[in-house]
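> Hey, dropping final09.txt in here, compact mmCIF, C-alpha atoms and all ligand atoms:
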```txt
# COMPACT_ATOMS: atom_id res chain seq x y z
CA MET K 1 84.98 111.11 98.90
CA GLY K 2 86.72 114.11 97.41
CA VAL K 3 83.48 116.11 97.40
CA PRO K 4 83.72 119.56 98.95
CA LEU K 5 81.65 120.17 102.05
CA MET K 6 78.42 121.96 101.19
CA VAL K 7 76.89 124.05 103.90
CA ASP K 8 73.24 124.96 103.50
CA ARG K 9 71.74 126.77 106.48
CA GLY K 10 68.66 124.91 107.57
CA ASP K 11 66.34 127.03 109.61
CA LYS K 12 66.48 130.66 110.48
CA GLU K 13 67.22 130.08 114.16
CA GLY K 14 70.39 128.32 113.07
CA GLN K 15 69.51 125.20 115.08
CA VAL K 16 70.78 122.91 112.37
CA GLU K 17 73.51 123.57 109.89
CA ALA K 18 72.83 121.11 107.11
CA ILE K 19 75.84 119.52 105.49
CA HIS K 20 73.96 117.97 102.58
CA ARG K 21 72.53 120.08 99.80
CA PRO K 22 69.39 118.60 98.17
CA VAL K 23 69.75 117.72 94.51
CA LEU K 24 67.13 118.70 91.88
CA ALA K 25 64.96 120.23 94.63
CA ASP K 26 62.93 122.56 92.35
CA GLU K 27 62.30 119.68 89.98
CA VAL K 28 61.13 117.41 92.83
CA VAL K 29 58.55 119.99 93.99
CA GLU K 30 57.43 120.54 90.39
CA TYR K 31 57.12 116.91 89.31
CA LEU K 32 55.44 115.74 92.51
CA GLY K 33 52.95 118.60 92.29
CA CYS K 34 53.57 119.70 95.88
CA ARG K 35 52.10 123.18 95.35
CA ARG K 36 48.65 121.63 95.04
CA GLY K 37 49.05 120.28 98.58
CA GLY K 38 48.56 116.70 99.75
CA VAL K 39 50.40 113.99 101.63
CA PHE K 40 53.94 113.26 100.47
CA VAL K 41 56.35 110.61 101.68
CA ASP K 42 60.05 111.44 101.66
CA LEU K 43 61.45 107.93 102.01
CA THR K 44 65.03 109.20 102.35
CA ILE K 45 64.54 112.35 104.37
CA GLY K 46 68.19 112.62 105.44
CA GLU K 47 68.77 116.10 106.82
CA GLY K 48 65.41 117.22 105.43
CA GLY K 49 66.51 119.34 102.46
CA HIS K 50 63.88 118.08 100.02
CA ALA K 51 61.23 117.82 102.74
CA GLU K 52 61.80 121.45 103.68
CA ARG K 53 61.23 122.52 100.09
CA MET K 54 58.04 120.45 99.90
CA LEU K 55 56.71 121.90 103.14
CA GLU K 56 57.54 125.44 102.03
CA SER K 57 55.80 124.98 98.68
CA SER K 58 52.28 124.98 100.21
CA PRO K 59 50.64 125.23 103.65
CA ASP K 60 48.56 122.21 102.58
CA VAL K 61 51.50 119.85 102.33
CA PHE K 62 51.92 117.10 104.93
CA VAL K 63 55.20 115.17 104.88
CA ILE K 64 55.94 111.71 106.19
CA GLY K 65 59.72 111.53 106.48
CA VAL K 66 61.50 108.18 106.68
CA ASP K 67 65.13 107.37 107.34
CA TRP K 68 66.84 104.41 108.98
CA ASP K 69 69.65 106.52 110.40
CA GLU K 70 68.72 107.74 113.88
CA GLU K 71 71.30 110.53 113.94
CA ILE K 72 70.30 112.07 110.63
CA LEU K 73 66.61 111.77 111.45
CA GLU K 74 67.22 113.83 114.58
CA ARG K 75 68.90 116.49 112.43
CA ALA K 76 65.83 116.53 110.14
CA ARG K 77 63.56 116.85 113.16
CA ARG K 78 65.47 119.88 114.44
CA ARG K 79 65.69 121.49 111.02
CA LEU K 80 61.98 121.06 110.34
CA GLU K 81 60.82 121.98 113.86
CA ARG K 82 58.73 124.88 112.56
CA PHE K 83 56.69 122.49 110.38
CA LYS K 84 56.09 119.94 113.12
CA ALA K 85 52.28 120.13 112.84
CA ARG K 86 52.58 118.96 109.23
CA LEU K 87 55.35 116.41 109.66
CA ALA K 88 55.64 112.80 110.82
CA LEU K 89 59.09 111.22 111.14
CA VAL K 90 59.66 107.50 111.13
CA ARG K 91 62.85 105.53 111.66
CA ASP K 92 62.65 102.48 109.43
CA ASN K 93 63.97 100.82 106.31
CA PHE K 94 62.08 102.29 103.37
CA VAL K 95 61.22 98.81 102.08
CA ASN K 96 58.59 98.79 104.85
CA ILE K 97 56.64 101.61 103.20
CA ALA K 98 53.28 99.83 103.31
CA GLU K 99 53.60 99.03 107.03
CA ILE K 100 54.78 102.58 107.78
CA LEU K 101 51.66 104.03 106.14
CA GLU K 102 49.43 101.48 107.80
CA ASP K 103 50.79 102.47 111.24
CA LEU K 104 49.89 106.08 110.41
CA ASP K 105 46.41 104.99 109.34
CA MET K 106 47.11 105.96 105.77
CA LYS K 107 46.63 103.88 102.68
CA GLU K 108 47.44 106.00 99.66
CA VAL K 109 49.46 109.17 99.31
CA ASP K 110 49.90 111.89 96.69
CA GLY K 111 53.62 111.59 96.09
CA ILE K 112 56.73 109.65 97.10
CA LEU K 113 60.37 110.66 96.86
CA LEU K 114 63.48 108.49 96.92
CA ASP K 115 66.85 110.30 96.92
CA LEU K 116 69.27 107.40 96.95
CA GLY K 117 72.63 106.71 98.56
CA PRO K 118 74.24 108.19 101.63
CA SER K 119 74.03 111.84 102.62
CA LEU K 120 77.11 114.05 102.63
CA PHE K 121 76.53 113.97 106.38
CA HIS K 122 77.57 110.30 106.37
CA PHE K 123 80.93 111.11 104.84
CA ARG K 124 81.56 113.48 107.77
CA SER K 125 80.23 111.13 110.40
CA GLN K 126 83.39 109.18 111.33
CA ARG K 127 81.53 105.99 110.51
CA GLY K 128 83.88 104.64 107.91
CA PHE K 129 82.32 106.03 104.71
CA SER K 130 85.28 108.23 103.89
CA PHE K 131 89.00 107.58 103.66
CA GLN K 132 89.79 111.25 104.27
CA GLU K 133 89.93 110.44 107.98
CA ASP K 134 91.10 107.30 109.72
CA THR K 135 88.01 105.77 111.33
CA PRO K 136 86.75 102.23 112.00
CA LEU K 137 85.65 100.45 108.82
CA ASP K 138 81.91 100.44 109.52
CA MET K 139 79.81 102.04 106.73
CA ARG K 140 76.40 101.21 108.22
CA MET K 141 73.78 103.90 107.65
CA ASP K 142 71.54 102.12 110.16
CA LYS K 143 73.61 101.24 113.24
CA ARG K 144 71.14 98.53 114.24
CA ARG K 145 72.17 96.40 111.29
CA PRO K 146 74.67 93.70 112.27
CA LEU K 147 77.01 93.68 109.27
CA THR K 148 79.94 96.13 108.98
CA ALA K 149 82.43 96.72 106.18
CA ALA K 150 85.20 95.36 108.42
CA GLN K 151 83.35 92.06 108.73
CA ILE K 152 82.98 91.79 104.96
CA VAL K 153 86.63 92.66 104.33
CA ASN K 154 88.01 90.34 107.01
CA THR K 155 85.67 87.35 106.94
CA TRP K 156 83.76 86.94 103.69
CA PRO K 157 85.01 84.34 101.19
CA LEU K 158 87.57 86.05 98.97
CA ASP K 159 85.77 85.15 95.76
CA ARG K 160 82.56 86.76 97.03
CA LEU K 161 84.54 89.85 98.02
CA ARG K 162 86.16 89.98 94.57
CA LYS K 163 82.76 89.88 92.87
CA ILE K 164 81.46 92.70 95.06
CA ILE K 165 84.43 94.95 94.33
CA ARG K 166 84.42 94.03 90.64
CA PHE K 167 80.71 94.47 89.97
CA TYR K 168 79.43 96.96 92.56
CA GLY K 169 82.55 99.10 92.27
CA ASP K 170 83.29 98.39 88.59
CA GLU K 171 86.92 97.97 89.73
CA ARG K 172 89.13 96.23 87.17
CA TRP K 173 91.81 95.64 89.82
CA ALA K 174 89.45 93.66 92.06
CA THR K 175 91.42 90.40 91.81
CA ARG K 176 94.68 92.04 92.91
CA ILE K 177 93.00 94.02 95.67
CA VAL K 178 91.36 90.90 97.08
CA LYS K 179 94.62 88.95 96.91
CA ALA K 180 96.27 91.70 98.97
CA ILE K 181 93.35 91.65 101.43
CA GLY K 182 93.77 87.86 101.76
CA GLU K 183 97.46 88.30 102.62
CA ARG K 184 96.62 91.05 105.14
CA ARG K 185 94.08 88.76 106.80
CA LEU K 186 96.96 86.48 107.78
CA LYS K 187 98.58 89.41 109.58
CA GLY K 188 95.51 90.40 111.60
CA GLY K 189 93.19 91.93 108.99
CA ILE K 190 92.08 95.46 108.22
CA ARG K 191 90.36 97.59 110.86
CA THR K 192 90.27 101.17 109.60
CA THR K 193 89.49 103.23 106.51
CA ARG K 194 93.08 104.41 106.15
CA GLU K 195 94.44 100.86 106.30
CA LEU K 196 92.10 99.78 103.50
CA ALA K 197 92.65 102.92 101.41
CA ASP K 198 96.45 102.54 101.67
CA LEU K 199 96.32 98.84 100.80
CA VAL K 200 94.22 99.53 97.67
CA SER K 201 96.48 102.43 96.71
CA GLU K 202 99.61 100.29 97.04
CA THR K 203 98.03 97.39 95.15
CA ILE K 204 96.96 99.28 92.03
CA PRO K 205 100.08 100.14 89.97
CA LYS K 206 100.82 103.89 90.25
CA ARG K 207 100.53 104.52 86.54
CA TYR K 208 96.94 103.23 86.63
CA HIS K 209 95.82 105.46 89.50
CA PRO K 210 92.79 107.45 88.35
CA GLU K 211 93.45 111.14 87.80
CA LYS K 212 90.45 112.68 89.50
CA ILE K 213 89.51 110.27 92.26
CA HIS K 214 91.36 108.39 95.01
CA PRO K 215 92.34 104.86 93.89
CA ALA K 216 90.22 103.38 96.71
CA THR K 217 87.01 105.20 95.72
CA LYS K 218 85.53 102.27 93.80
CA THR K 219 86.37 99.73 96.53
CA PHE K 220 84.72 101.94 99.15
CA LEU K 221 81.62 102.40 96.97
CA ALA K 222 81.33 98.63 96.48
CA LEU K 223 81.61 97.90 100.20
CA ARG K 224 79.06 100.57 101.09
CA ILE K 225 76.55 99.11 98.64
CA ALA K 226 77.11 95.63 100.10
CA VAL K 227 76.94 96.68 103.77
CA ASN K 228 73.66 98.55 103.29
CA GLU K 229 72.20 96.13 100.71
CA GLU K 230 71.45 99.20 98.64
CA LEU K 231 70.50 97.45 95.39
CA LYS K 232 68.29 94.84 97.02
CA ASN K 233 66.45 97.53 99.03
CA LEU K 234 66.03 99.70 95.95
CA LYS K 235 64.44 96.93 93.89
CA GLU K 236 62.13 96.01 96.76
CA VAL K 237 60.91 99.55 97.46
CA LEU K 238 60.35 100.29 93.76
CA GLU K 239 58.13 97.26 93.49
CA LYS K 240 56.08 98.31 96.54
CA ALA K 241 55.92 102.12 96.43
CA PRO K 242 53.63 102.51 93.37
CA PHE K 243 50.94 100.54 95.20
CA CYS K 244 50.97 103.14 97.99
CA LEU K 245 50.06 105.97 95.60
CA ARG K 246 46.57 107.19 94.85
CA LYS K 247 45.55 107.24 91.18
CA GLY K 248 47.53 110.10 89.60
CA GLY K 249 50.01 110.15 92.49
CA ARG K 250 53.70 110.28 91.53
CA LEU K 251 56.92 108.54 92.50
CA ALA K 252 60.19 110.43 91.90
CA VAL K 253 63.52 108.61 92.19
CA ILE K 254 66.92 110.34 92.19
CA SER K 255 69.83 107.99 91.54
CA PHE K 256 73.56 108.48 91.25
CA HIS K 257 75.24 105.51 89.56
CA SER K 258 74.61 103.12 86.71
CA LEU K 259 73.63 100.13 88.88
CA GLU K 260 70.84 102.18 90.45
CA HIS K 261 69.78 103.71 87.12
CA ARG K 262 69.49 100.21 85.63
CA ILE K 263 67.30 98.83 88.43
CA ILE K 264 64.93 101.82 88.22
CA LYS K 265 64.62 101.46 84.44
CA GLU K 266 63.93 97.74 84.78
CA VAL K 267 61.28 98.01 87.50
CA PHE K 268 59.59 101.05 85.96
CA GLY K 269 59.63 99.23 82.61
CA LYS K 270 58.04 96.15 84.11
CA LEU K 271 55.33 98.07 85.99
CA SER K 272 54.45 100.29 83.05
CA LYS K 273 53.87 97.50 80.55
CA ASP K 274 50.40 97.13 79.15
CA CYS K 275 48.33 94.03 79.71
CA ILE K 276 49.31 91.51 77.04
CA CYS K 277 46.15 89.41 77.24
CA PRO K 278 44.21 89.33 73.96
CA PRO K 279 41.06 91.49 74.04
CA TRP K 280 38.80 88.45 73.58
CA PHE K 281 40.07 86.91 76.88
CA PRO K 282 37.26 87.01 79.50
CA GLN K 283 39.69 88.43 82.07
CA CYS K 284 43.34 89.45 82.42
CA VAL K 285 45.52 86.45 83.18
CA CYS K 286 48.96 87.88 82.54
CA GLY K 287 49.32 88.91 86.19
CA GLY K 288 52.72 90.58 86.33
CA ASN K 289 52.02 92.55 83.18
CA ARG K 290 49.16 94.64 84.55
CA LYS K 291 50.00 98.27 84.05
CA VAL K 292 50.56 99.94 87.41
CA ILE K 293 52.39 103.12 86.41
CA GLU K 294 52.89 105.42 83.46
CA LEU K 295 56.30 106.96 82.88
CA VAL K 296 56.23 110.74 83.26
CA THR K 297 59.87 111.27 82.28
CA ARG K 298 60.81 109.49 79.04
CA SER K 299 64.44 110.42 79.63
CA PRO K 300 65.82 111.24 83.07
CA VAL K 301 65.80 114.77 84.45
CA VAL K 302 69.34 115.96 85.13
CA PRO K 303 70.66 118.99 87.03
CA SER K 304 71.38 122.25 85.26
CA GLU K 305 74.96 123.43 84.75
CA GLN K 306 74.44 126.03 87.46
CA GLU K 307 73.34 123.39 89.94
CA VAL K 308 76.36 121.19 89.17
CA GLU K 309 78.65 124.18 89.56
CA ALA K 310 77.14 125.04 92.94
CA ASN K 311 76.98 121.41 94.08
CA PRO K 312 79.42 119.03 92.31
CA ARG K 313 77.76 116.00 93.92
CA ALA K 314 74.75 116.67 91.70
CA ARG K 315 76.80 115.89 88.57
CA SER K 316 75.80 112.23 88.29
CA ALA K 317 72.19 112.66 89.48
CA GLN K 318 69.29 111.45 87.35
CA MET K 319 65.63 111.75 88.32
CA ARG K 320 62.95 109.43 86.94
CA VAL K 321 59.26 109.99 87.65
CA ALA K 322 56.32 107.65 87.27
CA GLU K 323 52.59 108.17 87.84
CA ARG K 324 50.10 105.68 89.25
CA VAL K 325 47.44 104.73 86.74
C1 LIG W 401 70.95 111.23 99.79
S1 LIG W 401 70.38 111.13 101.40
C2 LIG W 401 68.90 112.08 101.36
C3 LIG W 401 69.13 113.53 101.50
C4 LIG W 401 67.85 114.32 101.65
N1 LIG W 401 67.02 114.23 100.48
C5 LIG W 401 68.13 115.77 101.97
O1 LIG W 401 67.74 116.63 101.21
O2 LIG W 401 68.76 116.04 103.02
C6 LIG W 401 69.71 109.54 101.50
C7 LIG W 401 69.18 109.16 102.85
O3 LIG W 401 68.50 107.93 102.71
C8 LIG W 401 68.73 107.14 103.84
N2 LIG W 401 68.54 105.75 103.41
C9 LIG W 401 69.28 105.04 102.53
N3 LIG W 401 68.80 103.79 102.41
C10 LIG W 401 67.71 103.72 103.23
C11 LIG W 401 66.78 102.69 103.53
N4 LIG W 401 66.87 101.48 102.97
N5 LIG W 401 65.80 102.96 104.40
C12 LIG W 401 65.68 104.19 104.97
N6 LIG W 401 66.54 105.19 104.73
C13 LIG W 401 67.54 104.97 103.86
C14 LIG W 401 70.15 107.46 104.25
O4 LIG W 401 70.32 107.20 105.63
C15 LIG W 401 70.25 108.94 103.90
O5 LIG W 401 70.00 109.73 105.02
```
Now, as a test, write the supplied structure out as structure tokens.

Amino acid sequence: MGVPLMVDRGDKEGQVEAIHRPVLADEVVEYLGCRRGGVFVDLTIGEGGHAERMLESSPDVFVIGVDWDEEILERARRRLERFKARLALVRDNFVNIAEILEDLDMKEVDGILLDLGPSLFHFRSQRGFSFQEDTPLDMRMDKRRPLTAAQIVNTWPLDRLRKIIRFYGDERWATRIVKAIGERRLKGGIRTTRELADLVSETIPKRYHPEKIHPATKTFLALRIAVNEELKNLKEVLEKAPFCLRKGGRLAVISFHSLEHRIIKEVFGKLSKDCICPPWFPQCVCGGNRKVIELVTRSPVVPSEQEVEANPRARSAQMRVAERV
């Protein structure tokens, strides 16, 4: 998506050449307290960039790495081969965190990391995430999931499609784009990334084309969020993960766009509220308002100028950290 390819050599034997560069990696190690050792869950291990930094920070760190993408998980496995005695890899949706830990005979851990969105690897994967190459319009991070972007574009009710592009993509031209998609459906539909990118480009008047990004960027973002149910999964995992932490354990979440930031603020806000029952009540009855976490970061941690210069994808990153009470 217009982001330059970052190459970050994984291990010394050169078995894996990582495409994705981890964002805020020093800050993750610092805030999660990895140097003290313990069990940490990287719920979005991707190519293993953050996990590698955690494992390097102390010989007493054990990492449980989760990802629902089989291909990328294999890359993490190869990259982290030298740490295999201190690493467990699991292919699953991160919303199943409690079941994942249960299967590993673990109840509570010392830290959890979520680094949201796709990896740069996905944009190079010929799976429809990028319009730089002409590939089938797929966009699934987990290939076992049944729904593809092509199905959404070609079969979903047009009003539902308009809402997705308008609200997930924040695209003011959503109505026009969807009208053009409707007309294209009558001629056989849209099958590839280039077909969709060209249609969006032709639909938005030239003088309104954004200066720095491709005119189809927002439509592609919206479809990716819908295909992978990114917002629903995020809300669900945020509501479950704090309960998998030991007292004093920390959850760090790195997010990249305003819809994600908003969900994290809402859930963290809800879980960090004090009990509102009056002190003379015999027992707490407010249920949902029991304080589960304390916010560690009052305002989000953002990358330094040097990091953004070295890795432009980091520009929009924000990290929020909460601690189990
Ligand atoms: C930004 S990348 C993580 C990059 C990683 N921190 C690194 O340093 O290489 C996010 C990863 O999360 C995975 N992911 C996204 N949603 C997921 C979900 N619901 N369940 C499991 N994995 C998910 C993606 O497949 C992707 O590999």
> Given only C-alpha atoms and all ligand atoms as the basis, pick out the residue of K:Glu30, K:Asp134, K:Glu70, K:Asp115 nearest to ligand LIG 401 (chain W).
K:Asp115
> Of the residues K:Phe121, K:Phe40, K:Phe220, K:Phe129, which is the one nearest to Glu52 in chain K, using only C-alpha atoms?
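For Glu52 in chain K, the nearest of the given residues is K:Phe40.
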> Which residue is closest to Gly48 in chain K? Choose from K:Val61, K:Val267, K:Val321, K:Ile19 and count all atoms listed in the file.
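Of K:Val61, K:Val267, K:Val321, K:Ile19, the one nearest Gly48 in chain K is K:Ile19, counting all atoms listed in the file.
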> Around ligand LIG 401 (chain W), out to 6 Å and counting all atoms listed in the file, which residues are there? I want them as a ChimeraX atom specification.
/K:20,22,44-50,67-69,92-94,115-119,141,233
> Restricting the calculation to all atoms listed in the file, which member of K:Arg250, K:Glu202, K:Cys244, K:His122 is positioned closest to Cys34 in chain K?
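Using all atoms listed in the file, Cys34 in chain K sits closest to K:Arg250.
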